[in-house]
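Text of final11.txt (compact mmCIF, C-alpha atoms) as supplied:
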# COMPACT_ATOMS: atom_id res chain seq x y z
CA MET M 125 128.35 92.02 77.21
CA TYR M 126 130.03 88.67 76.67
CA PRO M 127 130.07 86.99 73.23
CA ASN M 128 127.85 84.11 74.30
CA ASP M 129 125.42 86.06 76.52
CA HIS M 130 122.58 85.49 74.11
CA LEU M 131 123.15 81.74 74.38
CA LEU M 132 123.19 81.82 78.16
CA TRP M 133 120.02 83.89 78.32
CA GLY M 134 118.43 81.77 75.63
CA ASP M 135 119.30 78.56 77.47
CA LEU M 136 118.04 80.04 80.72
CA PHE M 137 114.77 81.09 79.15
CA VAL M 138 114.22 77.77 77.38
CA SER M 139 115.05 75.71 80.45
CA ARG M 140 112.83 77.83 82.67
CA SER M 141 110.06 78.75 80.24
CA PRO M 142 107.61 76.05 81.48
CA ARG M 143 108.09 77.33 85.04
CA ILE M 144 107.74 80.95 83.94
CA LEU M 145 104.57 80.13 82.00
CA LEU M 146 103.14 78.23 84.95
CA CYS M 147 103.92 81.15 87.30
CA CYS M 148 102.29 83.63 84.92
CA LEU M 149 99.15 81.51 84.60
CA LEU M 150 98.95 80.96 88.35
CA THR M 151 99.41 84.68 89.04
CA ALA M 152 96.73 85.61 86.52
CA SER M 153 94.23 83.12 87.92
CA LEU M 154 94.88 84.26 91.50
CA ALA M 155 94.46 87.90 90.49
CA ALA M 156 91.18 87.14 88.77
CA ALA M 157 89.88 85.16 91.73
CA GLY M 158 91.17 87.31 94.57
CA CYS M 159 90.84 90.88 93.38
CA GLY M 160 87.10 91.03 92.91
CA SER M 161 85.24 90.39 89.73
CA ASN M 162 86.26 92.15 86.56
CA GLU M 163 82.58 92.86 85.95
CA HIS M 164 82.46 94.94 89.15
CA LYS M 165 85.55 96.92 88.11
CA VAL M 166 84.13 97.58 84.65
CA GLU M 167 80.81 98.67 86.15
CA GLN M 168 82.58 101.01 88.56
CA GLU M 169 84.78 102.54 85.89
CA SER M 170 81.94 102.94 83.40
CA SER M 171 79.54 104.53 85.85
CA ASN M 172 78.84 108.23 85.59
CA LEU M 173 80.32 108.91 89.00
CA LYS M 174 83.99 108.61 87.98
CA PRO M 175 83.91 111.18 85.15
CA LEU M 176 81.64 113.40 87.23
CA MET M 177 84.18 113.45 90.06
CA VAL M 178 87.03 114.11 87.65
CA LEU M 179 85.10 117.19 86.51
CA TYR M 180 84.36 118.12 90.15
CA GLY M 181 88.10 118.01 90.86
CA ARG M 182 88.78 120.06 87.75
CA TYR M 183 86.23 122.64 88.92
CA ILE M 184 88.06 122.92 92.25
CA GLY M 185 91.38 123.27 90.43
CA GLN M 186 90.06 126.09 88.28
CA HIS M 187 88.34 127.94 91.14
CA ARG M 188 91.13 128.46 93.66
CA GLY M 189 90.40 125.29 95.59
CA GLN M 190 86.71 126.03 96.06
CA PRO M 191 84.03 123.44 95.28
CA PRO M 192 81.01 124.36 93.20
CA PRO M 193 78.60 126.48 95.29
CA ASN M 194 75.55 124.57 94.05
CA GLU M 195 74.26 122.11 91.47
CA ALA M 196 73.42 124.79 88.89
CA ALA M 197 76.99 126.14 88.88
CA PHE M 198 78.47 122.65 88.65
CA LYS M 199 76.12 121.60 85.84
CA GLU M 200 77.03 124.73 83.90
CA PHE M 201 80.71 123.88 84.33
CA VAL M 202 80.14 120.29 83.17
CA LYS M 203 78.19 121.50 80.13
CA SER M 204 80.96 123.95 79.26
CA ALA M 205 83.51 121.11 79.37
CA GLY M 206 81.91 119.70 76.24
CA ALA M 207 80.71 116.34 75.00
CA ALA M 208 84.26 114.97 74.82
CA GLN M 209 84.30 114.82 78.63
CA LEU M 210 81.21 112.62 78.81
CA PRO M 211 81.60 108.86 79.15
CA ALA M 212 80.40 106.58 76.37
CA GLY M 213 76.66 106.17 76.59
CA ALA M 214 75.98 109.49 78.32
CA LYS M 215 73.60 111.41 76.09
CA ASP M 216 74.23 114.81 77.66
CA ALA M 217 75.74 116.56 80.68
CA ASP M 218 72.52 116.25 82.70
CA SER M 219 72.54 112.45 82.37
CA LEU M 220 76.00 112.39 83.95
CA PHE M 221 74.40 113.40 87.26
CA ILE M 222 72.26 110.22 87.33
CA SER M 223 73.52 106.89 88.67
CA THR M 224 73.50 104.18 86.03
CA ARG M 225 72.83 101.64 88.79
CA ASP M 226 69.94 103.00 90.87
CA LYS M 227 68.73 105.55 88.27
CA GLN M 228 68.62 108.26 90.96
CA PRO M 229 70.49 111.58 90.90
CA TYR M 230 73.79 111.44 92.75
CA VAL M 231 73.97 113.31 96.02
CA ILE M 232 76.80 115.82 95.66
CA ILE M 233 78.13 117.77 98.61
CA TYR M 234 78.56 121.41 97.55
CA SER M 235 80.71 122.60 100.42
CA ALA M 236 84.25 122.10 101.62
CA ALA M 237 84.99 118.38 101.85
CA LYS M 238 85.08 117.20 105.42
CA GLY M 239 84.66 113.95 107.23
CA PRO M 240 86.67 110.78 107.61
CA ALA M 241 89.02 109.58 104.90
CA GLY M 242 87.18 107.69 102.20
CA PRO M 243 88.19 106.67 98.69
CA GLY M 244 91.72 107.76 97.85
CA GLY M 245 92.18 108.99 101.43
CA GLN M 246 89.85 111.96 100.88
CA PRO M 247 86.40 112.71 102.31
CA VAL M 248 83.33 111.66 100.35
CA VAL M 249 81.83 114.42 98.19
CA ALA M 250 79.32 112.39 96.17
CA TYR M 251 77.34 109.17 96.54
CA GLU M 252 74.46 107.14 95.21
CA GLN M 253 71.11 107.72 96.87
CA GLN M 254 70.15 104.05 97.04
CA GLY M 255 72.76 101.92 95.31
CA VAL M 256 72.06 98.27 94.58
CA ARG M 257 72.10 95.06 96.59
CA GLY M 258 72.64 97.01 99.83
CA LYS M 259 75.74 98.81 98.59
CA ARG M 260 76.39 102.31 97.26
CA TYR M 261 79.20 103.95 95.39
CA VAL M 262 80.85 106.85 97.18
CA ALA M 263 83.46 109.14 95.62
CA SER M 264 86.09 111.69 96.55
CA THR M 265 87.32 114.71 94.63
CA LEU M 266 90.26 112.64 93.40
CA GLY M 267 87.85 110.56 91.32
CA ALA M 268 88.42 107.58 93.60
CA ILE M 269 85.32 105.43 93.97
CA GLU M 270 84.49 102.79 96.53
CA GLU M 271 81.45 100.55 96.83
CA VAL M 272 80.43 100.41 100.49
CA ASP M 273 77.79 98.73 102.61
CA GLU M 274 75.40 100.74 104.78
CA THR M 275 77.57 100.57 107.90
CA ARG M 276 80.63 101.93 106.13
CA PHE M 277 78.48 104.49 104.32
CA ARG M 278 77.16 105.86 107.65
CA THR M 279 80.76 106.12 108.89
CA LEU M 280 81.92 107.98 105.77
CA VAL M 281 78.83 110.20 105.42
CA PRO M 282 77.39 110.61 108.93
CA ASP M 283 75.20 113.57 107.88
CA ALA M 284 73.52 111.72 104.96
CA LYS M 285 69.79 112.09 104.83

If you took the structure in this file and wrote it as structure tokens, what would it be?
Amino acid sequence: MYPNDHLLWGDLFVSRSPRILLCCLLTASLAAAGCGSNEHKVEQESSNLKPLMVLYGRYIGQHRGQPPPNEAAFKEFVKSAGAAQLPAGAKDADSLFISTRDKQPYVIIYSAAKGPAGPGGQPVVAYEQQGVRGKRYVASTLGAIEEVDETRFRTLVPDAK
């Protein structure tokens, strides 16, 4: 370190600070405009599907790579995880299985995950029955969630009823 380094860096920062500030503001505004609405991200993250899939993945991890055999076994596992695992606003473990958007129970696939790569590069193991505005959330065991239109949904979940 040279004796006057702090002056050089200080001068550099002061002389470039308006440009740096402008770049930061421009980057932030582009990110807000181009990366989808923050409201959508908050809705996705606060939905019941994300924590439910985290618990689904935890179930698989604790059962030698096997998914829950049925809804009853998975619900028992979720209940045993305790209230601390529930997202804010969820009154109990049973409410976690209901979509906050379409108010319908999630469809959960209780068999080995198969199918094309979906969210997080993994097959879909859960999805909303109806969704909203023509789109549904789908999720993988990694907890990755994607909102998809009907065409993409039929590609990801060809056996959906």

Using all atoms listed in the file, pick whichever of M:His187, M:Ser223, M:Ser235, M:Phe201 has the shortest atom-to-atom distance to Tyr251 of chain M. M:Ser223

Just how far from atom CA of Asp218 of chain M is atom CA of Lys203 of chain M, in Å to one decimal? 8.1 Å

I'd like the contact shell of Val249 of chain M - 10 Å cut-off, all atoms listed in the file, skipping same-chain residues fewer than 5 positions apart - returned as an mmCIF file with C-alpha atoms, in the frame of the given file.
data_model
loop_
_atom_site.group_PDB
_atom_site.id
_atom_site.type_symbol
_atom_site.label_atom_id
_atom_site.label_comp_id
_atom_site.auth_asym_id
_atom_site.auth_seq_id
_atom_site.Cartn_x
_atom_site.Cartn_y
_atom_site.Cartn_z
ATOM 1 C CA MET M 177 84.180 113.450 90.060
ATOM 2 C CA TYR M 180 84.360 118.120 90.150
ATOM 3 C CA PRO M 191 84.030 123.440 95.280
ATOM 4 C CA VAL M 231 73.970 113.310 96.020
ATOM 5 C CA ILE M 232 76.800 115.820 95.660
ATOM 6 C CA ILE M 233 78.130 117.770 98.610
ATOM 7 C CA TYR M 234 78.560 121.410 97.550
ATOM 8 C CA SER M 235 80.710 122.600 100.420
ATOM 9 C CA ALA M 236 84.250 122.100 101.620
ATOM 10 C CA ALA M 237 84.990 118.380 101.850
ATOM 11 C CA LYS M 238 85.080 117.200 105.420
ATOM 12 C CA GLY M 239 84.660 113.950 107.230
ATOM 13 C CA GLY M 242 87.180 107.690 102.200
ATOM 14 C CA VAL M 262 80.850 106.850 97.180
ATOM 15 C CA ALA M 263 83.460 109.140 95.620
ATOM 16 C CA SER M 264 86.090 111.690 96.550
ATOM 17 C CA THR M 265 87.320 114.710 94.630
ATOM 18 C CA LEU M 266 90.260 112.640 93.400
ATOM 19 C CA GLY M 267 87.850 110.560 91.320
ATOM 20 C CA LEU M 280 81.920 107.980 105.770
ATOM 21 C CA VAL M 281 78.830 110.200 105.420
#

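Here atom CA of Lys215 of chain M and atom CA of Ser171 of chain M stand 13.3 Å from one another.
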
Could you check the closest approach to Ser204 of chain M for each of M:Gly244, M:Ala268, M:Tyr183, M:Pro175 and tell me which residue wins, using all atoms listed in the file? M:Tyr183

Between M:Pro243, M:Tyr230, M:Val256, M:Asp283, smallest distance to Glu270 of chain M by only C-alpha atoms belongs to M:Pro243

Please, what distance in Å, to one decimal, runs between atom CA of Ala241 of chain M and atom CA of Lys285 of chain M?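 Atom-to-atom, atom CA of Ala241 of chain M and atom CA of Lys285 of chain M are spaced 19.4 Å apart.
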
Centre, edges in Å (one decimal): axis-aligned box, segment 185-188 of chain M, 5 Å padding on all six sides, as AutoDock Vina command-line options:
--center_x 89.9 --center_y 125.9 --center_z 91.0 --size_x 13.0 --size_y 15.2 --size_z 15.4
